[in-house]
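S.K.: What follows is entry_35.pdb; its format and atoms are PDB, C-alpha atoms, pLDDT in the B column.
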```pdb
ATOM      1  CA  MET A   1      46.443  33.217 110.407  1.00 72.00           C
ATOM      2  CA  ARG A   2      46.308  37.021 110.267  1.00 91.00           C
ATOM      3  CA  HIS A   3      43.276  39.135 111.048  1.00 94.00           C
ATOM      4  CA  PHE A   4      42.281  42.754 110.655  1.00 96.00           C
ATOM      5  CA  THR A   5      39.666  44.054 113.079  1.00 96.00           C
ATOM      6  CA  TYR A   6      37.645  47.241 112.779  1.00 96.00           C
ATOM      7  CA  ASN A   7      34.470  48.279 114.609  1.00 97.00           C
ATOM      8  CA  GLY A   8      34.308  44.828 116.138  1.00 95.00           C
ATOM      9  CA  ASN A   9      34.355  43.011 112.782  1.00 96.00           C
ATOM     10  CA  LYS A  10      37.216  40.609 112.133  1.00 96.00           C
ATOM     11  CA  TYR A  11      38.560  39.862 108.651  1.00 97.00           C
ATOM     12  CA  GLN A  12      41.097  37.252 107.592  1.00 96.00           C
ATOM     13  CA  VAL A  13      43.924  38.901 105.625  1.00 95.00           C
ATOM     14  CA  ASP A  14      47.267  37.891 104.158  1.00 93.00           C
ATOM     15  CA  ALA A  15      50.681  39.209 105.206  1.00 90.00           C
ATOM     16  CA  GLN A  16      50.175  42.359 103.116  1.00 90.00           C
ATOM     17  CA  GLY A  17      46.705  43.085 104.471  1.00 93.00           C
ATOM     18  CA  PHE A  18      44.725  41.895 101.438  1.00 95.00           C
ATOM     19  CA  LEU A  19      41.424  40.221 102.213  1.00 95.00           C
ATOM     20  CA  ILE A  20      41.776  36.446 101.834  1.00 93.00           C
ATOM     21  CA  ASN A  21      38.166  35.828 100.850  1.00 93.00           C
ATOM     22  CA  PRO A  22      36.672  38.617  98.678  1.00 94.00           C
ATOM     23  CA  GLY A  23      33.222  37.447  99.727  1.00 94.00           C
ATOM     24  CA  ASP A  24      33.911  38.640 103.279  1.00 96.00           C
ATOM     25  CA  TRP A  25      34.186  42.255 102.122  1.00 97.00           C
ATOM     26  CA  ASP A  26      31.921  45.021 103.359  1.00 97.00           C
ATOM     27  CA  GLU A  27      32.202  48.792 103.507  1.00 98.00           C
ATOM     28  CA  ASN A  28      33.385  48.571 107.094  1.00 98.00           C
ATOM     29  CA  PHE A  29      36.520  46.777 105.877  1.00 98.00           C
ATOM     30  CA  ALA A  30      37.280  49.576 103.405  1.00 98.00           C
ATOM     31  CA  GLU A  31      36.704  52.281 105.997  1.00 98.00           C
ATOM     32  CA  GLY A  32      38.990  50.603 108.506  1.00 97.00           C
ATOM     33  CA  MET A  33      41.734  49.826 105.996  1.00 97.00           C
ATOM     34  CA  ALA A  34      41.770  53.339 104.446  1.00 98.00           C
ATOM     35  CA  PRO A  35      44.297  54.872 106.883  1.00 97.00           C
ATOM     36  CA  LYS A  36      46.642  51.938 106.257  1.00 96.00           C
ATOM     37  CA  VAL A  37      46.797  52.805 102.544  1.00 96.00           C
ATOM     38  CA  GLN A  38      47.579  56.490 103.136  1.00 96.00           C
ATOM     39  CA  ILE A  39      43.992  57.789 103.136  1.00 96.00           C
ATOM     40  CA  PRO A  40      43.775  59.173 106.679  1.00 91.00           C
ATOM     41  CA  GLY A  41      40.911  61.611 106.165  1.00 89.00           C
ATOM     42  CA  GLY A  42      38.186  59.093 105.417  1.00 93.00           C
ATOM     43  CA  LEU A  43      36.733  57.848 102.151  1.00 98.00           C
ATOM     44  CA  THR A  44      34.968  60.386  99.957  1.00 98.00           C
ATOM     45  CA  PRO A  45      32.301  59.753  97.293  1.00 98.00           C
ATOM     46  CA  GLU A  46      35.136  59.769  94.739  1.00 98.00           C
ATOM     47  CA  HIS A  47      36.869  56.936  96.577  1.00 98.00           C
ATOM     48  CA  TRP A  48      33.644  54.963  96.901  1.00 98.00           C
ATOM     49  CA  LYS A  49      32.919  55.311  93.188  1.00 98.00           C
ATOM     50  CA  ILE A  50      36.142  53.470  92.334  1.00 98.00           C
ATOM     51  CA  ILE A  51      35.818  50.954  95.153  1.00 98.00           C
ATOM     52  CA  HIS A  52      32.283  50.029  94.100  1.00 98.00           C
ATOM     53  CA  PHE A  53      33.330  49.887  90.448  1.00 98.00           C
ATOM     54  CA  ILE A  54      35.988  47.322  91.361  1.00 97.00           C
ATOM     55  CA  ARG A  55      33.525  45.366  93.502  1.00 97.00           C
ATOM     56  CA  ASN A  56      30.813  45.393  90.835  1.00 96.00           C
ATOM     57  CA  THR A  57      33.260  44.263  88.151  1.00 95.00           C
ATOM     58  CA  PHE A  58      34.506  41.466  90.373  1.00 94.00           C
ATOM     59  CA  GLU A  59      31.019  40.290  91.296  1.00 93.00           C
ATOM     60  CA  LYS A  60      29.857  40.276  87.658  1.00 93.00           C
ATOM     61  CA  MET A  61      32.989  38.922  85.976  1.00 90.00           C
ATOM     62  CA  ASN A  62      34.979  37.216  88.745  1.00 88.00           C
ATOM     63  CA  THR A  63      38.001  39.336  87.927  1.00 89.00           C
ATOM     64  CA  CYS A  64      39.836  42.315  89.364  1.00 91.00           C
ATOM     65  CA  PRO A  65      39.604  45.074  86.714  1.00 93.00           C
ATOM     66  CA  LEU A  66      42.812  46.406  85.201  1.00 94.00           C
ATOM     67  CA  VAL A  67      43.867  49.929  86.112  1.00 96.00           C
ATOM     68  CA  TYR A  68      43.409  50.851  82.444  1.00 96.00           C
ATOM     69  CA  ILE A  69      39.745  49.860  82.601  1.00 95.00           C
ATOM     70  CA  ALA A  70      39.136  51.546  85.941  1.00 96.00           C
ATOM     71  CA  CYS A  71      40.519  54.826  84.598  1.00 96.00           C
ATOM     72  CA  LYS A  72      38.581  54.695  81.325  1.00 96.00           C
ATOM     73  CA  ARG A  73      35.228  53.656  82.759  1.00 96.00           C
ATOM     74  CA  ASN A  74      35.386  56.312  85.446  1.00 97.00           C
ATOM     75  CA  GLU A  75      36.871  59.027  83.224  1.00 96.00           C
ATOM     76  CA  LEU A  76      39.962  59.414  85.396  1.00 95.00           C
ATOM     77  CA  GLY A  77      43.519  60.198  84.462  1.00 94.00           C
ATOM     78  CA  LEU A  78      46.356  58.411  86.184  1.00 94.00           C
ATOM     79  CA  GLY A  79      47.004  61.557  88.208  1.00 95.00           C
ATOM     80  CA  ASP A  80      43.426  61.470  89.472  1.00 96.00           C
ATOM     81  CA  MET A  81      43.854  57.859  90.536  1.00 97.00           C
ATOM     82  CA  ARG A  82      47.109  58.692  92.320  1.00 96.00           C
ATOM     83  CA  ARG A  83      45.432  61.575  94.164  1.00 96.00           C
ATOM     84  CA  LEU A  84      42.692  59.258  95.381  1.00 97.00           C
ATOM     85  CA  PHE A  85      44.857  56.205  96.094  1.00 97.00           C
ATOM     86  CA  PRO A  86      48.464  57.340  96.671  1.00 96.00           C
ATOM     87  CA  ARG A  87      49.596  53.863  97.747  1.00 95.00           C
ATOM     88  CA  GLY A  88      48.788  52.551  94.276  1.00 95.00           C
ATOM     89  CA  TYR A  89      45.888  51.066  92.353  1.00 96.00           C
ATOM     90  CA  LEU A  90      46.475  47.506  93.540  1.00 94.00           C
ATOM     91  CA  ARG A  91      47.779  48.357  97.003  1.00 94.00           C
ATOM     92  CA  GLY A  92      45.196  51.106  97.484  1.00 97.00           C
ATOM     93  CA  ALA A  93      41.971  50.878  95.497  1.00 97.00           C
ATOM     94  CA  CYS A  94      41.885  47.113  94.994  1.00 96.00           C
ATOM     95  CA  LYS A  95      42.919  46.380  98.571  1.00 97.00           C
ATOM     96  CA  LEU A  96      40.089  48.557  99.878  1.00 98.00           C
ATOM     97  CA  ALA A  97      37.689  46.756  97.528  1.00 98.00           C
ATOM     98  CA  GLY A  98      38.780  43.409  98.933  1.00 97.00           C
ATOM     99  CA  VAL A  99      40.254  41.983  95.730  1.00 94.00           C
ATOM    100  CA  THR A 100      43.646  41.751  94.070  1.00 89.00           C
ATOM    101  CA  TYR A 101      45.341  40.277  91.010  1.00 79.00           C
ATOM    102  CA  ARG A 102      44.729  36.810  92.472  1.00 76.00           C
ATOM    103  CA  GLU A 103      41.072  37.226  91.490  1.00 68.00           C
ATOM    104  CA  ALA A 104      41.762  37.210  87.762  1.00 57.00           C
ATOM    105  CA  TRP A 105      42.724  33.748  86.688  1.00 48.00           C
ATOM    106  CA  PHE A 106      39.552  32.236  85.250  1.00 40.00           C
ATOM    107  CA  GLN A 107      41.047  33.059  81.821  1.00 40.00           C
ATOM    108  CA  GLU A 108      44.315  31.282  82.518  1.00 41.00           C
ATOM    109  CA  THR A 109      45.288  27.965  84.025  1.00 34.00           C
ATOM    110  CA  TRP A 110      48.661  27.546  85.732  1.00 33.00           C
ATOM    111  CA  LEU A 111      48.473  24.011  87.058  1.00 29.00           C
ATOM    112  CA  GLU A 112      52.173  23.257  87.133  1.00 33.00           C
ATOM    113  CA  GLU A 113      54.235  24.080  90.157  1.00 34.00           C
ATOM    114  CA  ASN A 114      57.117  24.874  87.835  1.00 37.00           C
ATOM    115  CA  ILE A 115      57.447  25.709  84.167  1.00 36.00           C
ATOM    116  CA  VAL A 116      60.160  24.376  81.890  1.00 38.00           C
ATOM    117  CA  HIS A 117      60.978  26.346  78.803  1.00 37.00           C
ATOM    118  CA  HIS A 118      63.417  26.840  76.020  1.00 35.00           C
ATOM    119  CA  THR A 119      63.816  29.890  73.835  1.00 38.00           C
ATOM    120  CA  ARG A 120      66.394  30.164  71.071  1.00 41.00           C
ATOM    121  CA  ALA A 121      69.618  31.831  72.244  1.00 45.00           C
ATOM    122  CA  TYR A 122      68.817  31.043  75.870  1.00 43.00           C
ATOM    123  CA  GLU A 123      69.466  27.891  77.837  1.00 54.00           C
ATOM    124  CA  THR A 124      66.691  25.592  78.979  1.00 59.00           C
ATOM    125  CA  LYS A 125      65.950  26.203  82.640  1.00 75.00           C
ATOM    126  CA  LYS A 126      63.323  25.443  85.262  1.00 81.00           C
ATOM    127  CA  TYR A 127      61.751  28.319  87.166  1.00 90.00           C
ATOM    128  CA  PRO A 128      59.640  27.943  90.327  1.00 93.00           C
ATOM    129  CA  VAL A 129      56.405  29.910  89.913  1.00 92.00           C
ATOM    130  CA  ASP A 130      53.267  30.268  91.989  1.00 89.00           C
ATOM    131  CA  GLU A 131      49.765  29.226  90.918  1.00 85.00           C
ATOM    132  CA  GLN A 132      49.372  32.416  88.864  1.00 85.00           C
ATOM    133  CA  GLY A 133      52.697  32.065  87.062  1.00 86.00           C
ATOM    134  CA  PHE A 134      54.583  34.680  89.087  1.00 92.00           C
ATOM    135  CA  LEU A 135      58.210  33.907  89.830  1.00 94.00           C
ATOM    136  CA  ILE A 136      58.542  32.880  93.464  1.00 93.00           C
ATOM    137  CA  GLU A 137      62.120  34.062  93.899  1.00 94.00           C
ATOM    138  CA  PRO A 138      63.006  37.279  92.009  1.00 94.00           C
ATOM    139  CA  ALA A 139      66.725  36.532  92.244  1.00 94.00           C
ATOM    140  CA  VAL A 140      66.486  33.634  89.765  1.00 94.00           C
ATOM    141  CA  TRP A 141      64.991  35.839  87.016  1.00 96.00           C
ATOM    142  CA  ASP A 142      66.655  36.165  83.650  1.00 94.00           C
ATOM    143  CA  GLU A 143      65.576  37.459  80.235  1.00 93.00           C
ATOM    144  CA  ASN A 144      64.592  33.976  79.135  1.00 92.00           C
ATOM    145  CA  PHE A 145      61.888  33.925  81.806  1.00 93.00           C
ATOM    146  CA  SER A 146      60.443  37.151  80.391  1.00 94.00           C
ATOM    147  CA  LEU A 147      60.399  35.781  76.856  1.00 90.00           C
ATOM    148  CA  GLN A 148      58.634  32.570  77.793  1.00 87.00           C
ATOM    149  CA  THR A 149      56.146  34.354  80.044  1.00 89.00           C
ATOM    150  CA  ALA A 150      55.371  36.803  77.231  1.00 89.00           C
ATOM    151  CA  HIS A 151      54.566  33.840  75.005  1.00 84.00           C
ATOM    152  CA  LYS A 152      52.248  32.371  77.645  1.00 82.00           C
ATOM    153  CA  LEU A 153      50.503  35.730  77.926  1.00 85.00           C
ATOM    154  CA  GLY A 154      49.799  35.724  74.203  1.00 83.00           C
ATOM    155  CA  MET A 155      52.278  38.484  73.392  1.00 81.00           C
ATOM    156  CA  THR A 156      53.145  36.983  70.031  1.00 61.00           C
ATOM    157  CA  ASP A 157      55.412  39.829  68.942  1.00 67.00           C
ATOM    158  CA  LEU A 158      58.950  39.957  70.278  1.00 76.00           C
ATOM    159  CA  LEU A 159      59.570  42.127  73.305  1.00 89.00           C
ATOM    160  CA  ASN A 160      60.904  45.379  71.921  1.00 93.00           C
ATOM    161  CA  LYS A 161      63.312  47.953  73.350  1.00 94.00           C
ATOM    162  CA  ARG A 162      60.536  49.765  75.196  1.00 95.00           C
ATOM    163  CA  HIS A 163      59.332  46.550  76.854  1.00 96.00           C
ATOM    164  CA  TRP A 164      62.848  45.842  78.087  1.00 97.00           C
ATOM    165  CA  GLU A 165      63.244  49.396  79.378  1.00 97.00           C
ATOM    166  CA  ILE A 166      60.183  48.916  81.571  1.00 98.00           C
ATOM    167  CA  ILE A 167      61.186  45.422  82.675  1.00 98.00           C
ATOM    168  CA  ASN A 168      64.701  46.566  83.610  1.00 98.00           C
ATOM    169  CA  TYR A 169      63.311  49.665  85.328  1.00 98.00           C
ATOM    170  CA  LEU A 170      61.122  47.423  87.500  1.00 98.00           C
ATOM    171  CA  ARG A 171      64.026  45.109  88.276  1.00 98.00           C
ATOM    172  CA  ASN A 172      66.313  48.003  89.226  1.00 98.00           C
ATOM    173  CA  LYS A 173      63.712  49.732  91.376  1.00 97.00           C
ATOM    174  CA  PHE A 174      62.961  46.502  93.201  1.00 97.00           C
ATOM    175  CA  SER A 175      66.674  45.941  93.773  1.00 96.00           C
ATOM    176  CA  ASP A 176      67.052  49.441  95.215  1.00 97.00           C
ATOM    177  CA  THR A 177      63.926  49.595  97.368  1.00 95.00           C
ATOM    178  CA  GLY A 178      62.701  46.045  97.899  1.00 94.00           C
ATOM    179  CA  GLU A 179      59.279  47.083  96.555  1.00 94.00           C
ATOM    180  CA  VAL A 180      57.567  46.950  93.188  1.00 96.00           C
ATOM    181  CA  PRO A 181      56.949  50.551  92.083  1.00 96.00           C
ATOM    182  CA  THR A 182      53.404  51.762  91.611  1.00 96.00           C
ATOM    183  CA  VAL A 183      51.958  52.125  88.149  1.00 96.00           C
ATOM    184  CA  TYR A 184      52.077  55.878  88.757  1.00 96.00           C
ATOM    185  CA  ALA A 185      55.853  55.814  89.240  1.00 97.00           C
ATOM    186  CA  VAL A 186      56.385  53.622  86.179  1.00 97.00           C
ATOM    187  CA  CYS A 187      54.518  56.034  83.938  1.00 97.00           C
ATOM    188  CA  GLU A 188      56.061  59.159  85.423  1.00 97.00           C
ATOM    189  CA  ASP A 189      59.666  57.931  85.501  1.00 97.00           C
ATOM    190  CA  ASN A 190      59.472  56.478  82.002  1.00 97.00           C
ATOM    191  CA  ARG A 191      57.428  59.308  80.471  1.00 96.00           C
ATOM    192  CA  LEU A 192      54.569  57.004  79.565  1.00 96.00           C
ATOM    193  CA  THR A 193      50.865  57.674  79.421  1.00 95.00           C
ATOM    194  CA  ILE A 194      48.531  55.053  80.809  1.00 95.00           C
ATOM    195  CA  GLU A 195      47.411  54.396  77.212  1.00 95.00           C
ATOM    196  CA  GLU A 196      50.990  53.739  76.106  1.00 96.00           C
ATOM    197  CA  LEU A 197      51.533  51.368  79.013  1.00 96.00           C
ATOM    198  CA  GLU A 198      48.354  49.536  78.045  1.00 96.00           C
ATOM    199  CA  LYS A 199      49.633  49.044  74.493  1.00 95.00           C
ATOM    200  CA  LEU A 200      52.909  47.632  75.792  1.00 95.00           C
ATOM    201  CA  PHE A 201      51.310  45.353  78.404  1.00 95.00           C
ATOM    202  CA  PRO A 202      47.645  44.775  77.479  1.00 93.00           C
ATOM    203  CA  GLN A 203      47.300  42.049  80.111  1.00 92.00           C
ATOM    204  CA  GLY A 204      47.766  44.677  82.803  1.00 93.00           C
ATOM    205  CA  TYR A 205      50.518  46.323  84.781  1.00 95.00           C
ATOM    206  CA  HIS A 206      50.785  43.637  87.466  1.00 94.00           C
ATOM    207  CA  ARG A 207      49.673  40.666  85.389  1.00 92.00           C
ATOM    208  CA  GLY A 208      51.872  41.747  82.480  1.00 94.00           C
ATOM    209  CA  ALA A 209      54.817  44.043  83.213  1.00 97.00           C
ATOM    210  CA  VAL A 210      55.425  43.009  86.813  1.00 97.00           C
ATOM    211  CA  ARG A 211      55.140  39.305  86.032  1.00 96.00           C
ATOM    212  CA  LEU A 212      57.525  39.597  83.068  1.00 96.00           C
ATOM    213  CA  ALA A 213      60.040  41.275  85.368  1.00 98.00           C
ATOM    214  CA  GLY A 214      59.947  38.253  87.649  1.00 97.00           C
ATOM    215  CA  LEU A 215      58.338  40.166  90.506  1.00 97.00           C
ATOM    216  CA  ARG A 216      55.146  40.030  92.525  1.00 89.00           C
ATOM    217  CA  ALA A 217      53.389  43.152  93.770  1.00 77.00           C
ATOM    218  CA  HIS A 218      52.064  43.145  97.330  1.00 71.00           C
TER
END
```
In structure tokens, write the structure found in this file.
M.R.:
Amino acid sequence: MRHFTYNGNKYQVDAQGFLINPGDWDENFAEGMAPKVQIPGGLTPEHWKIIHFIRNTFEKMNTCPLVYIACKRNELGLGDMRRLFPRGYLRGACKLAGVTYREAWFQETWLEENIVHHTRAYETKKYPVDEQGFLIEPAVWDENFSLQTAHKLGMTDLLNKRHWEIINYLRNKFSDTGEVPTVYAVCEDNRLTIEELEKLFPQGYHRGAVRLAGLRAH
């Protein structure tokens, strides 16, 4: 069991430092965790506005808001979000708010330990996934996994060339660095606006693009 301690308060966290129980969150947790997500100078009112937006959304709707929603509701561009949370939206803002993509599954049910699927032109295979449908081992990914996952996400149209460019970009970056790139990097390297990314993956960057690529962001 891992713990993070700040100002005498102890919090149970996972291996990546995310709060295990969102209900244990308080502002002390955010203040103490800020330097660990590349915000060494302390949290400003701008930071707190986003952190409290995420917390309020979670408390009202039991879900971690998508980066698209956080930007729109707070009238921020992706560059503004990167300036405030350079480690990333999930690994920066959401971590400080004590929630992550795990807190978003009341709309979906993934009860099977594994999924079995068949898509025309691809062989039938079994893929081990976690409780949210993320591939447990990235090395077993193939395009068939992306197609079936897209269907489960309600993406009824076929994945087009642009979808595959993003999916392959994510796969290649992960292969090179061992990390899932931030949403900032995806947009910048692929010359995408946040609105264009939203149209491609309306379920979210992590819950859509990253999951289709057979990865899990931490």
S.K.: Report, in Å with one decimal, the straight-line distance from atom CA of A:Asn74 to atom CA of A:Thr182.
M.R.: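 Separation of atom CA of A:Asn74 and atom CA of A:Thr182: 19.6 Å.
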S.K.: What does the structure give for the distance between atom CA of A:Cys94 and atom CA of A:Pro65, in Å to one decimal?
M.R.: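 A separation of 8.8 Å between them.
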S.K.: Tell me, in Å to one decimal, how far atom CA of A:Lys10 is from atom CA of A:Phe53.
M.R.: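 Going from atom CA of A:Lys10 over to atom CA of A:Phe53 covers 23.9 Å.
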S.K.: Evaluate the PyMOL selection byres ((chain A and resi 183-193) around 8) here and jot the selected residues down as a PyMOL selection string.
M.R.: chain A and resi 78-79+82+88-89+166+170+181-182+194-197+205
S.K.: Skipping near chain neighbours, those fewer than 4 positions away, what residues fall within 9 Å of A:Ile51 using all atoms listed in the file, listed as a list in words?
M.R.: Ala30, Glu46, His47, Arg55, Asn56, Ala93, Cys94, Leu96, Ala97 and Gly98 of chain A
S.K.: Which residue is closest to A:His218? Choose from A:Arg162, A:His151, A:Arg102, A:Arg171 and count only C-alpha atoms.
M.R.: A:Arg102
S.K.: The PyMOL selection byres ((chain A and resi 143) around 10) on the file shown: which residues, as an mmCIF file with C-alpha atoms, keeping the file's coordinate frame?
M.R.:
```
data_model
loop_
_atom_site.group_PDB
_atom_site.id
_atom_site.type_symbol
_atom_site.label_atom_id
_atom_site.label_comp_id
_atom_site.auth_asym_id
_atom_site.auth_seq_id
_atom_site.Cartn_x
_atom_site.Cartn_y
_atom_site.Cartn_z
ATOM 1 C CA TYR A 122 68.817 31.043 75.870
ATOM 2 C CA TRP A 141 64.991 35.839 87.016
ATOM 3 C CA ASP A 142 66.655 36.165 83.650
ATOM 4 C CA ASN A 144 64.592 33.976 79.135
ATOM 5 C CA PHE A 145 61.888 33.925 81.806
ATOM 6 C CA SER A 146 60.443 37.151 80.391
ATOM 7 C CA LEU A 147 60.399 35.781 76.856
ATOM 8 C CA GLN A 148 58.634 32.570 77.793
ATOM 9 C CA THR A 149 56.146 34.354 80.044
ATOM 10 C CA TRP A 164 62.848 45.842 78.087
ATOM 11 C CA ILE A 167 61.186 45.422 82.675
ATOM 12 C CA ASN A 168 64.701 46.566 83.610
ATOM 13 C CA LEU A 212 57.525 39.597 83.068
ATOM 14 C CA ALA A 213 60.040 41.275 85.368
ATOM 15 C CA GLY A 214 59.947 38.253 87.649
#
```
S.K.: Using all atoms listed in the file, which protein or nucleic acid residues come within 9 Å of A:Gly92? Drop anything in the same chain fewer than 3 positions from it, and give the result as a list in words.
M.R.: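 Contacts, with the query itself left out: Ala34, Lys36, Val37, Gln38, Ile39, Leu84, Phe85, Pro86, Arg87, Gly88, Tyr89, Lys95, Leu96 and Ala97 of chain A.
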S.K.: Grab all the atoms of stretch 64-80 of chain A that the file lists, wrap them in a box along x, y and z, add 5 Å per side, and give me centre plus edge lengths in Å (one decimal) as lines of an AutoDock Vina configuration file.
M.R.:
```
center_x = 41.1
center_y = 51.9
center_z = 85.4
size_x = 21.8
size_y = 29.2
size_z = 18.1
```
S.K.: Pick from A:Asp130, A:Arg216, A:Leu19, A:His206: nearest to A:Val67, with all atoms listed in the file counted?
M.R.: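 Of A:Asp130, A:Arg216, A:Leu19, A:His206, the one nearest A:Val67, counting all atoms listed in the file, is A:His206.
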S.K.: Between A:Ile20, A:Ile50, A:Phe134, A:Ala139, which one has atoms that come closest to A:Ser175, using all atoms listed in the file?
M.R.: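 The closest residue to A:Ser175 is A:Ala139.
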S.K.: Can you tell me, as a list of chain:residue names, what residues are no more than 9 Å from A:Asn28 when counting only C-alpha atoms, ignoring any on the same chain fewer than 3 positions away?
M.R.: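 The residues satisfying every condition are A:Tyr6, A:Asn7, A:Asn9, A:Trp25, A:Glu31, A:Gly32, A:Met33.
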S.K.: Which of these, A:Asp24, A:Glu75, A:Phe58, A:Leu200, has the shortest distance to A:Asn160 once you count only C-alpha atoms?
M.R.: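 Nearest candidate to A:Asn160 out of A:Asp24, A:Glu75, A:Phe58, A:Leu200: A:Leu200.
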S.K.: I need every residue sitting at most 12 Å from the point (51.0, 43.8, 72.1) (coordinates as in the file, only C-alpha atoms considered), written as a list of chain:residue names.
M.R.: A:Ala150, A:His151, A:Leu153, A:Gly154, A:Met155, A:Thr156, A:Asp157, A:Leu158, A:Leu159, A:Asn160, A:Arg162, A:His163, A:Glu196, A:Leu197, A:Glu198, A:Lys199, A:Leu200, A:Phe201, A:Pro202, A:Gln203, A:Gly204, A:Gly208, A:Ala209
